[in-house]
$ cat start.pdb   # PDB, C-alpha atoms
MODEL        1
ATOM      1  CA  MET A 256      21.317   4.128 -24.189
ATOM      2  CA  LEU A 257      17.852   3.921 -22.634
ATOM      3  CA  GLU A 258      18.049   3.069 -18.948
ATOM      4  CA  THR A 259      15.901   0.132 -17.858
ATOM      5  CA  VAL A 260      16.333   0.724 -14.116
ATOM      6  CA  LEU A 261      16.332   4.172 -12.508
ATOM      7  CA  ARG A 262      17.500   5.208  -9.059
ATOM      8  CA  THR A 263      16.085   8.409  -7.569
ATOM      9  CA  PRO A 264      18.984  10.723  -6.587
ATOM     10  CA  ASP A 265      19.742  10.746  -2.866
ATOM     11  CA  GLU A 266      19.405  14.516  -2.691
ATOM     12  CA  ARG A 267      15.669  14.144  -3.331
ATOM     13  CA  PHE A 268      15.413  12.575   0.127
ATOM     14  CA  ALA A 269      17.607  15.012   2.046
ATOM     15  CA  ASN A 270      16.067  16.743   5.071
ATOM     16  CA  LEU A 271      12.526  15.499   4.542
ATOM     17  CA  PRO A 272      10.248  16.633   7.393
ATOM     18  CA  GLY A 273       9.759  13.984  10.058
ATOM     19  CA  TYR A 274      11.882  11.391   8.255
ATOM     20  CA  PRO A 275      15.319  11.225   9.931
ATOM     21  CA  PHE A 276      15.850   7.511   9.309
ATOM     22  CA  GLU A 277      19.045   6.040   7.906
ATOM     23  CA  PRO A 278      18.564   4.195   4.620
ATOM     24  CA  HIS A 279      19.138   0.448   4.391
ATOM     25  CA  TYR A 280      19.327  -1.569   1.190
ATOM     26  CA  LEU A 281      19.320  -5.117  -0.092
ATOM     27  CA  HIS A 282      19.092  -6.583  -3.578
ATOM     28  CA  VAL A 283      16.220  -8.697  -4.856
ATOM     29  CA  ASP A 284      16.043 -10.030  -8.404
ATOM     30  CA  GLY A 285      18.774  -7.682  -9.566
ATOM     31  CA  VAL A 286      17.262  -4.459  -8.218
ATOM     32  CA  ARG A 287      17.980  -2.525  -5.046
ATOM     33  CA  MET A 288      15.242  -2.346  -2.432
ATOM     34  CA  HIS A 289      15.270   0.313   0.270
ATOM     35  CA  TYR A 290      13.907  -0.107   3.774
ATOM     36  CA  VAL A 291      13.748   1.699   7.098
ATOM     37  CA  ASP A 292      14.948  -0.410  10.035
ATOM     38  CA  GLU A 293      14.440   1.275  13.404
ATOM     39  CA  GLY A 294      14.059   0.150  17.019
ATOM     40  CA  LEU A 295      15.631  -2.857  18.715
ATOM     41  CA  ARG A 296      17.494  -5.149  16.349
ATOM     42  CA  ASN A 297      16.332  -8.140  18.395
ATOM     43  CA  GLY A 298      12.844  -6.748  18.920
ATOM     44  CA  GLN A 299       9.769  -8.361  17.471
ATOM     45  CA  PRO A 300       9.517  -7.088  13.875
ATOM     46  CA  VAL A 301       6.623  -4.944  12.679
ATOM     47  CA  LEU A 302       6.540  -5.024   8.884
ATOM     48  CA  LEU A 303       4.909  -1.888   7.449
ATOM     49  CA  LEU A 304       3.853  -2.195   3.803
ATOM     50  CA  HIS A 305       2.711   0.957   2.013
ATOM     51  CA  GLY A 306       0.309   1.341  -0.886
ATOM     52  CA  GLU A 307      -0.134   3.401  -4.038
ATOM     53  CA  PRO A 308       1.442   5.903  -4.744
ATOM     54  CA  SER A 309       3.126   6.236  -1.359
ATOM     55  CA  TRP A 310       6.367   4.957   0.140
ATOM     56  CA  SER A 311       7.830   4.346   3.612
ATOM     57  CA  TYR A 312       7.433   8.059   4.361
ATOM     58  CA  LEU A 313       3.777   7.224   5.015
ATOM     59  CA  TYR A 314       4.749   5.450   8.232
ATOM     60  CA  ARG A 315       7.186   8.055   9.558
ATOM     61  CA  LYS A 316       5.011   8.882  12.594
ATOM     62  CA  MET A 317       4.374   5.245  13.494
ATOM     63  CA  ILE A 318       7.961   4.024  13.210
ATOM     64  CA  PRO A 319       9.241   5.850  16.345
ATOM     65  CA  VAL A 320       6.229   4.626  18.335
ATOM     66  CA  PHE A 321       7.041   1.002  17.551
ATOM     67  CA  GLY A 322      10.696   1.601  18.347
ATOM     68  CA  ALA A 323       9.856   3.184  21.711
ATOM     69  CA  ALA A 324       7.750   0.126  22.532
ATOM     70  CA  GLY A 325      10.784  -2.130  22.165
ATOM     71  CA  LEU A 326       9.825  -3.413  18.729
ATOM     72  CA  ARG A 327      11.717  -3.417  15.437
ATOM     73  CA  ALA A 328       9.973  -1.305  12.802
ATOM     74  CA  ILE A 329      10.755  -2.326   9.216
ATOM     75  CA  ALA A 330       9.245  -0.280   6.394
ATOM     76  CA  PRO A 331      10.374  -1.200   2.884
ATOM     77  CA  ASP A 332       9.756   0.770  -0.258
ATOM     78  CA  LEU A 333       8.167  -1.486  -2.843
ATOM     79  CA  ILE A 334      10.104  -1.780  -6.097
ATOM     80  CA  GLY A 335       9.177   1.246  -8.197
ATOM     81  CA  PHE A 336       8.542   3.461  -5.166
ATOM     82  CA  GLY A 337      10.417   5.524  -2.600
ATOM     83  CA  ARG A 338      14.183   5.013  -2.552
ATOM     84  CA  SER A 339      13.928   1.595  -4.166
ATOM     85  CA  ASP A 340      14.971   1.085  -7.779
ATOM     86  CA  LYS A 341      12.430   1.829 -10.487
ATOM     87  CA  ARG A 342      12.112  -0.242 -13.629
ATOM     88  CA  THR A 343      11.128   1.906 -16.596
ATOM     89  CA  ASN A 344       9.229  -0.763 -18.534
ATOM     90  CA  PRO A 345       5.693  -1.002 -17.111
ATOM     91  CA  LEU A 346       5.503  -4.653 -18.169
ATOM     92  CA  ASP A 347       8.321  -5.445 -15.717
ATOM     93  CA  TYR A 348       5.781  -4.883 -12.930
ATOM     94  CA  THR A 349       3.382  -7.765 -12.328
ATOM     95  CA  TYR A 350       1.364  -8.771  -9.297
ATOM     96  CA  GLN A 351       3.403 -11.967  -8.983
ATOM     97  CA  ARG A 352       6.737 -10.177  -9.201
ATOM     98  CA  HIS A 353       5.743  -7.783  -6.403
ATOM     99  CA  VAL A 354       4.807 -10.791  -4.271
ATOM    100  CA  ASP A 355       8.085 -12.513  -5.151
ATOM    101  CA  TRP A 356      10.128  -9.389  -4.393
ATOM    102  CA  THR A 357       8.469  -9.113  -0.979
ATOM    103  CA  HIS A 358       9.016 -12.794  -0.217
ATOM    104  CA  ALA A 359      12.675 -12.332  -1.127
ATOM    105  CA  PHE A 360      12.957  -9.241   1.086
ATOM    106  CA  ILE A 361      11.511 -11.023   4.123
ATOM    107  CA  SER A 362      13.680 -14.074   3.519
ATOM    108  CA  ALA A 363      16.834 -11.967   3.142
ATOM    109  CA  LEU A 364      16.217 -10.414   6.566
ATOM    110  CA  ASP A 365      15.018 -13.779   7.926
ATOM    111  CA  LEU A 366      12.106 -12.099   9.682
ATOM    112  CA  GLN A 367      10.218 -14.273  12.170
ATOM    113  CA  ASP A 368       7.263 -13.668  14.498
ATOM    114  CA  VAL A 369       6.226 -10.758  12.267
ATOM    115  CA  THR A 370       3.387  -8.335  12.867
ATOM    116  CA  LEU A 371       2.210  -7.323   9.411
ATOM    117  CA  VAL A 372       0.695  -3.847   9.052
ATOM    118  CA  CYS A 373      -0.594  -3.394   5.513
ATOM    119  CA  GLN A 374      -2.905  -1.141   3.553
ATOM    120  CA  ASP A 375      -3.970  -0.780  -0.050
ATOM    121  CA  TRP A 376      -1.363  -2.492  -2.281
ATOM    122  CA  GLY A 377       0.639  -3.270   0.839
ATOM    123  CA  GLY A 378      -2.190  -5.660   1.662
ATOM    124  CA  PHE A 379      -2.675  -6.945  -1.875
ATOM    125  CA  ILE A 380       0.948  -8.060  -1.620
ATOM    126  CA  GLY A 381       1.387  -8.582   2.118
ATOM    127  CA  LEU A 382      -1.700 -10.722   2.637
ATOM    128  CA  ARG A 383      -0.548 -12.980  -0.195
ATOM    129  CA  VAL A 384       2.888 -13.280   1.374
ATOM    130  CA  ALA A 385       1.470 -13.962   4.837
ATOM    131  CA  ALA A 386      -0.924 -16.573   3.491
ATOM    132  CA  GLU A 387       1.860 -18.312   1.593
ATOM    133  CA  ASP A 388       4.382 -18.229   4.459
ATOM    134  CA  GLN A 389       2.232 -18.273   7.592
ATOM    135  CA  ALA A 390       4.972 -19.617   9.862
ATOM    136  CA  ARG A 391       6.766 -16.249   9.758
ATOM    137  CA  PHE A 392       3.733 -14.192  10.831
ATOM    138  CA  ALA A 393       2.361 -13.766  14.349
ATOM    139  CA  ARG A 394      -0.463 -11.316  13.633
ATOM    140  CA  ILE A 395      -1.895  -9.081  10.921
ATOM    141  CA  VAL A 396      -3.376  -5.586  10.795
ATOM    142  CA  ALA A 397      -5.270  -5.003   7.529
ATOM    143  CA  ALA A 398      -6.272  -1.390   6.917
ATOM    144  CA  ASN A 399      -8.397  -0.629   3.840
ATOM    145  CA  THR A 400      -7.072  -3.522   1.802
ATOM    146  CA  PHE A 401      -8.125  -6.858   0.416
ATOM    147  CA  LEU A 402      -7.150  -9.791  -1.799
ATOM    148  CA  PRO A 403      -9.069  -9.106  -5.021
ATOM    149  CA  THR A 404      -9.900 -12.130  -7.141
ATOM    150  CA  GLY A 405     -11.962 -10.510  -9.890
ATOM    151  CA  ASP A 406     -14.916 -12.750  -9.103
ATOM    152  CA  HIS A 407     -17.027  -9.662  -8.383
ATOM    153  CA  PRO A 408     -16.652  -6.211  -9.991
ATOM    154  CA  PRO A 409     -14.898  -3.546  -7.900
ATOM    155  CA  GLY A 410     -17.301  -0.741  -8.826
ATOM    156  CA  GLU A 411     -17.049   2.350 -10.982
ATOM    157  CA  GLY A 412     -15.013   4.216  -8.371
ATOM    158  CA  PHE A 413     -12.035   1.940  -8.950
ATOM    159  CA  PHE A 414     -12.327   2.029 -12.736
ATOM    160  CA  GLY A 415     -12.380   5.839 -12.587
ATOM    161  CA  TRP A 416      -9.148   5.811 -10.593
ATOM    162  CA  GLN A 417      -7.659   3.309 -13.037
ATOM    163  CA  ARG A 418      -8.502   5.533 -16.019
ATOM    164  CA  TYR A 419      -7.114   8.588 -14.282
ATOM    165  CA  THR A 420      -3.727   6.961 -13.626
ATOM    166  CA  GLN A 421      -3.388   6.020 -17.287
ATOM    167  CA  GLU A 422      -4.614   9.274 -18.817
ATOM    168  CA  VAL A 423      -3.177  12.014 -16.603
ATOM    169  CA  PRO A 424      -0.174  13.568 -18.413
ATOM    170  CA  VAL A 425       1.959  13.871 -15.260
ATOM    171  CA  PHE A 426       1.618  11.455 -12.376
ATOM    172  CA  ASP A 427       1.869  13.831  -9.389
ATOM    173  CA  ALA A 428       2.188  11.709  -6.242
ATOM    174  CA  GLY A 429       2.368  14.796  -4.027
ATOM    175  CA  ALA A 430      -0.919  16.187  -5.305
ATOM    176  CA  ILE A 431      -2.544  12.775  -4.909
ATOM    177  CA  ALA A 432      -1.306  12.625  -1.320
ATOM    178  CA  GLN A 433      -2.742  16.078  -0.619
ATOM    179  CA  GLN A 434      -6.108  15.226  -2.099
ATOM    180  CA  LEU A 435      -6.591  11.646  -0.983
ATOM    181  CA  MET A 436      -4.558  10.966   2.165
ATOM    182  CA  THR A 437      -5.488  13.804   4.474
ATOM    183  CA  VAL A 438      -8.285  15.701   6.172
ATOM    184  CA  THR A 439      -6.192  18.868   6.445
ATOM    185  CA  ASP A 440      -3.935  20.855   4.151
ATOM    186  CA  LEU A 441      -0.465  19.347   4.174
ATOM    187  CA  PRO A 442       2.513  21.675   4.456
ATOM    188  CA  PRO A 443       4.238  22.119   1.105
ATOM    189  CA  ASP A 444       7.345  20.271   2.286
ATOM    190  CA  VAL A 445       5.263  17.196   3.177
ATOM    191  CA  VAL A 446       3.551  17.279  -0.229
ATOM    192  CA  ALA A 447       7.019  17.514  -1.778
ATOM    193  CA  ALA A 448       8.179  14.529   0.295
ATOM    194  CA  TYR A 449       5.468  12.334  -1.169
ATOM    195  CA  ALA A 450       6.511  13.467  -4.651
ATOM    196  CA  ALA A 451      10.241  13.061  -3.952
ATOM    197  CA  PRO A 452      10.629   9.546  -5.441
ATOM    198  CA  PHE A 453       9.430  10.701  -8.878
ATOM    199  CA  PRO A 454      11.605  13.598 -10.100
ATOM    200  CA  GLU A 455      10.551  12.914 -13.703
ATOM    201  CA  GLU A 456       7.641  11.137 -15.340
ATOM    202  CA  ARG A 457       9.842   8.224 -16.432
ATOM    203  CA  PHE A 458      10.319   7.284 -12.758
ATOM    204  CA  ALA A 459       6.585   6.657 -12.306
ATOM    205  CA  ALA A 460       6.109   3.532 -14.434
ATOM    206  CA  GLY A 461       5.506   1.327 -11.391
ATOM    207  CA  ALA A 462       3.023   3.737  -9.863
ATOM    208  CA  ARG A 463       1.039   3.972 -13.078
ATOM    209  CA  GLN A 464       1.059   0.208 -13.526
ATOM    210  CA  PHE A 465      -0.327  -0.728 -10.092
ATOM    211  CA  PRO A 466      -4.000   0.032 -10.904
ATOM    212  CA  LEU A 467      -3.783  -2.153 -14.027
ATOM    213  CA  LEU A 468      -2.593  -5.119 -11.934
ATOM    214  CA  VAL A 469      -5.675  -5.284  -9.698
ATOM    215  CA  PRO A 470      -7.699  -8.381 -10.689
ATOM    216  CA  THR A 471     -11.065  -7.236 -12.049
ATOM    217  CA  THR A 472     -12.037 -10.407 -13.932
ATOM    218  CA  PRO A 473     -12.095 -14.021 -12.694
ATOM    219  CA  ASP A 474      -9.421 -15.095 -15.183
ATOM    220  CA  ASP A 475      -6.850 -12.461 -14.207
ATOM    221  CA  PRO A 476      -3.322 -13.928 -13.857
ATOM    222  CA  ALA A 477      -3.386 -13.211 -10.099
ATOM    223  CA  SER A 478      -6.909 -14.466  -9.406
ATOM    224  CA  GLU A 479      -6.184 -18.114  -8.702
ATOM    225  CA  ALA A 480      -3.273 -17.379  -6.371
ATOM    226  CA  ASN A 481      -5.421 -14.882  -4.469
ATOM    227  CA  ARG A 482      -8.220 -17.444  -4.134
ATOM    228  CA  ALA A 483      -5.694 -19.889  -2.704
ATOM    229  CA  SER A 484      -4.513 -17.221  -0.263
ATOM    230  CA  TRP A 485      -8.096 -16.615   0.886
ATOM    231  CA  ALA A 486      -8.356 -20.340   1.567
ATOM    232  CA  ALA A 487      -5.138 -20.200   3.588
ATOM    233  CA  LEU A 488      -6.309 -17.151   5.562
ATOM    234  CA  ARG A 489      -9.455 -19.062   6.523
ATOM    235  CA  ARG A 490      -7.066 -21.267   8.513
ATOM    236  CA  PHE A 491      -5.164 -18.321  10.038
ATOM    237  CA  GLU A 492      -5.888 -18.751  13.754
ATOM    238  CA  LYS A 493      -3.705 -15.855  14.906
ATOM    239  CA  PRO A 494      -4.766 -12.289  15.801
ATOM    240  CA  PHE A 495      -6.055 -10.350  12.792
ATOM    241  CA  LEU A 496      -7.213  -6.751  13.168
ATOM    242  CA  THR A 497      -9.252  -4.930  10.519
ATOM    243  CA  ALA A 498      -9.340  -1.115  10.307
ATOM    244  CA  PHE A 499     -11.537   0.276   7.528
ATOM    245  CA  SER A 500     -12.726   3.783   6.778
ATOM    246  CA  ASP A 501     -16.494   4.240   6.764
ATOM    247  CA  LEU A 502     -16.333   6.492   3.701
ATOM    248  CA  ASP A 503     -13.619   4.862   1.618
ATOM    249  CA  PRO A 504     -15.215   4.482  -1.845
ATOM    250  CA  ALA A 505     -13.019   1.512  -2.744
ATOM    251  CA  PHE A 506     -12.801  -0.709   0.314
ATOM    252  CA  GLY A 507     -14.829   0.958   3.072
ATOM    253  CA  GLY A 508     -18.449   1.680   3.821
ATOM    254  CA  ALA A 509     -18.869   3.908   0.770
ATOM    255  CA  ALA A 510     -17.849   1.218  -1.706
ATOM    256  CA  ALA A 511     -20.460   0.000  -4.156
ATOM    257  CA  PRO A 512     -22.693  -2.723  -2.632
ATOM    258  CA  GLY A 513     -21.110  -6.095  -3.233
ATOM    259  CA  ALA A 514     -17.858  -4.627  -4.537
ATOM    260  CA  TYR A 515     -15.096  -7.258  -4.584
ATOM    261  CA  THR A 516     -17.069  -9.730  -2.411
ATOM    262  CA  GLY A 517     -20.454  -9.892  -4.122
ATOM    263  CA  GLY A 518     -21.974  -9.550  -0.671
ATOM    264  CA  PRO A 519     -20.855  -7.967   2.623
ATOM    265  CA  PRO A 520     -18.473  -5.012   2.892
ATOM    266  CA  ILE A 521     -14.847  -6.083   2.910
ATOM    267  CA  ALA A 522     -14.279  -5.466   6.634
ATOM    268  CA  ARG A 523     -17.144  -7.796   7.513
ATOM    269  CA  PHE A 524     -15.978 -10.280   4.890
ATOM    270  CA  PHE A 525     -12.663 -10.538   6.758
ATOM    271  CA  GLN A 526     -14.475 -10.956  10.050
ATOM    272  CA  GLU A 527     -16.666 -13.716   8.623
ATOM    273  CA  HIS A 528     -13.905 -15.636   6.861
ATOM    274  CA  VAL A 529     -10.695 -15.247   8.904
ATOM    275  CA  PRO A 530     -10.893 -16.965  12.313
ATOM    276  CA  GLY A 531      -8.989 -14.345  14.328
ATOM    277  CA  ALA A 532     -10.288 -11.259  12.534
ATOM    278  CA  GLN A 533     -11.857  -8.438  14.506
ATOM    279  CA  ARG A 534     -12.261  -4.704  14.127
ATOM    280  CA  PRO A 535     -11.256  -1.896  16.509
ATOM    281  CA  ALA A 536     -13.852  -0.583  18.921
ATOM    282  CA  ALA A 537     -13.987   2.693  16.991
ATOM    283  CA  TYR A 538     -12.592   3.641  13.622
ATOM    284  CA  ASP A 539     -14.083   6.509  11.650
ATOM    285  CA  ASN A 540     -12.957   8.756   8.864
ATOM    286  CA  ARG A 541     -16.017  10.779   7.973
ATOM    287  CA  ARG A 542     -14.130  13.754   6.538
ATOM    288  CA  ARG A 543     -12.234  11.770   3.941
ATOM    289  CA  ARG A 544     -11.335  13.656   0.772
ATOM    290  CA  SER A 545     -12.018  12.432  -2.725
ATOM    291  CA  LEU A 546     -10.472  12.846  -6.133
ATOM    292  CA  PRO A 547     -12.167  15.596  -8.157
ATOM    293  CA  PRO A 548     -12.918  15.243 -11.854
ATOM    294  CA  GLY A 549      -9.781  15.895 -13.863
ATOM    295  CA  GLY A 550      -7.402  14.782 -11.141
ATOM    296  CA  PRO A 551      -6.121  15.998  -7.776
ATOM    297  CA  ARG A 552      -5.461  19.620  -6.976
ATOM    298  CA  THR A 553      -3.320  20.691  -4.047
ATOM    299  CA  GLY A 554      -5.576  22.229  -1.436
ATOM    300  CA  ALA A 555      -8.823  21.105  -3.094
ATOM    301  CA  ARG A 556     -11.820  20.884  -0.813
ATOM    302  CA  PRO A 557     -14.105  17.938  -0.091
ATOM    303  CA  GLY A 558     -17.277  17.380  -2.044
ATOM    304  CA  HIS A 559     -16.028  16.305  -5.480
ATOM    305  CA  ARG A 560     -16.949  13.036  -7.189
ATOM    306  CA  ARG A 561     -15.081  10.128  -5.677
ATOM    307  CA  LEU A 562     -12.814   7.883  -7.636
ATOM    308  CA  HIS A 563     -10.593   5.603  -5.572
ATOM    309  CA  ARG A 564      -7.977   5.661  -2.892
ATOM    310  CA  SER A 565      -7.514   3.857   0.351
ATOM    311  CA  GLN A 566      -4.469   5.261   2.070
ATOM    312  CA  PRO A 567      -4.490   5.724   5.838
ATOM    313  CA  VAL A 568      -5.262   9.308   6.738
ATOM    314  CA  GLU A 569      -2.194  11.552   6.775
ATOM    315  CA  ARG A 570      -2.371  13.681   9.913
TER     316      ARG A 570
ENDMDL
END

$ encode --input "start.pdb" --output "structure tokens"
Amino acid sequence: MLETVLRTPDERFANLPGYPFEPHYLHVDGVRMHYVDEGLRNGQPVLLLHGEPSWSYLYRKMIPVFGAAGLRAIAPDLIGFGRSDKRTNPLDYTYQRHVDWTHAFISALDLQDVTLVCQDWGGFIGLRVAAEDQARFARIVAANTFLPTGDHPPGEGFFGWQRYTQEVPVFDAGAIAQQLMTVTDLPPDVVAAYAAPFPEERFAAGARQFPLLVPTTPDDPASEANRASWAALRRFEKPFLTAFSDLDPAFGGAAAPGAYTGGPPIARFFQEHVPGAQRPAAYDNRRRRSLPPGGPRTGARPGHRRLHRSQPVER
């Protein structure tokens, strides 16, 4: 019988470098969702939402810092990623279902006074959730992310990334991490850790589907809800920090002029439209790597044609 939900074997996550955290689980909509929960149980929660094709391993160096500061660091794996269950039918993954799963996760833990830290798809989802349930959130940090509505084209860089994810025979999350999330060569065991959730191609349906869910036309199923969330964020009077890479070809300074907004770069768009939004005094990533033609290669050097990624830099 063909399995409709897969669970990555636990041994894939044994002894990962820099990731000593005990797993925690809860069920949402009939699937099991994994999360890291470190620091003080009664500390103010910091909700860390990863992007594509990463998982909570991305935040392994930040989690202990939040815990040492007396906070509670909570880093879930989105459904289809990390130690969370993986549906095998790509059509089971929709923008709305990811938002609903995240709402359900936050409600199950009854998180209040939340600091949201989100990037890439973590922001596509997390900003929606925060806009729709503002009472739970105290502040937001948005790093290389956005709420796309499809009202303005994202640029060829994104469409190149989208094509790549659909055409590459094997979706290699480790190689993508090496090529697009770092300014240095990652040790092989770290590359393997990013690939750990996907032992076989059939586990990667959610990762392949994400790029197809980004609204690129005004009538996308998620467009209207994202427009409503932008309207809600315009009333968000709480602290809102933006952190964008100068050379990110999707969301940063290297994006096509007018991409997503039809006007200013996304970081400035936040600052102009969200009352509490500001940027750090200094944030630069001038040695960012890019995806070469034909896909990522472990150890590849900078200088190839850019497609799209917006992960925080892996250091």

$ closest_atom_pairs --input "start.pdb" --of "segment 433-520 of chain A" --to "segment 320-341 of chain A" --cutoff "9 Å" --atoms "only C-alpha atoms" --output "JSON lines"
{"residue": "A:Tyr449", "atom": "CA", "partner": "A:Gly337", "partner_atom": "CA", "distance": 8.5}
{"residue": "A:Ala451", "atom": "CA", "partner": "A:Gly337", "partner_atom": "CA", "distance": 7.7}
{"residue": "A:Pro452", "atom": "CA", "partner": "A:Gly337", "partner_atom": "CA", "distance": 4.9}
{"residue": "A:Phe453", "atom": "CA", "partner": "A:Phe336", "partner_atom": "CA", "distance": 8.2}
{"residue": "A:Phe458", "atom": "CA", "partner": "A:Lys341", "partner_atom": "CA", "distance": 6.3}
{"residue": "A:Ala459", "atom": "CA", "partner": "A:Gly335", "partner_atom": "CA", "distance": 7.3}
{"residue": "A:Ala460", "atom": "CA", "partner": "A:Gly335", "partner_atom": "CA", "distance": 7.3}
{"residue": "A:Gly461", "atom": "CA", "partner": "A:Gly335", "partner_atom": "CA", "distance": 4.9}
{"residue": "A:Ala462", "atom": "CA", "partner": "A:Gly335", "partner_atom": "CA", "distance": 6.8}

$ closest_residue --input "start.pdb" --among "A:Asp444, A:Glu479, A:Glu492, A:Asp368" --to "Arg267 of chain A" --atoms "only C-alpha atoms"
A:Asp444

$ resolve_selection --input "start.pdb" --expression "the PyMOL selection byres ((chain A and resi 269) around 12)" --output "CSV table (one decimal) with C-alpha atoms, in the coordinates of the input"
chain,number,residue,atom,x,y,z
A,263,THR,CA,16.1,8.4,-7.6
A,264,PRO,CA,19.0,10.7,-6.6
A,265,ASP,CA,19.7,10.7,-2.9
A,266,GLU,CA,19.4,14.5,-2.7
A,267,ARG,CA,15.7,14.1,-3.3
A,268,PHE,CA,15.4,12.6,0.1
A,270,ASN,CA,16.1,16.7,5.1
A,271,LEU,CA,12.5,15.5,4.5
A,272,PRO,CA,10.2,16.6,7.4
A,273,GLY,CA,9.8,14.0,10.1
A,274,TYR,CA,11.9,11.4,8.3
A,275,PRO,CA,15.3,11.2,9.9
A,276,PHE,CA,15.8,7.5,9.3
A,277,GLU,CA,19.0,6.0,7.9
A,278,PRO,CA,18.6,4.2,4.6
A,338,ARG,CA,14.2,5.0,-2.6
A,444,ASP,CA,7.3,20.3,2.3
A,447,ALA,CA,7.0,17.5,-1.8
A,448,ALA,CA,8.2,14.5,0.3
A,451,ALA,CA,10.2,13.1,-4.0
A,452,PRO,CA,10.6,9.5,-5.4

$ residues_around --input "start.pdb" --residues "Phe499 of chain A" --least-positions-apart "2" --cutoff "7 Å" --atoms "only C-alpha atoms" --output "NGL selection string"
:A and (398-399 or 497 or 501 or 507 or 522)

$ resolve_selection --input "start.pdb" --expression "the PyMOL selection byres ((chain A and resi 301) around 12)" --output "ChimeraX atom specification"
/A:291-300,302-304,314,317-322,324-331,361,366-373,391-396

$ atom_distance --input "start.pdb" --atom1 "atom CA of Ala486 of chain A" --atom2 "atom CA of Pro409 of chain A"
20.4 Å

$ closest_residue --input "start.pdb" --among "A:His305, A:Arg489, A:Pro466, A:His528" --to "Gly415 of chain A" --atoms "all atoms listed in the file"
A:Pro466

$ atom_distance --input "start.pdb" --atom1 "atom CA of Asp365 of chain A" --atom2 "atom CA of Ile380 of chain A"
17.9 Å

$ atom_distance --input "start.pdb" --atom1 "atom CA of Pro443 of chain A" --atom2 "atom CA of Ala430 of chain A"
10.1 Å
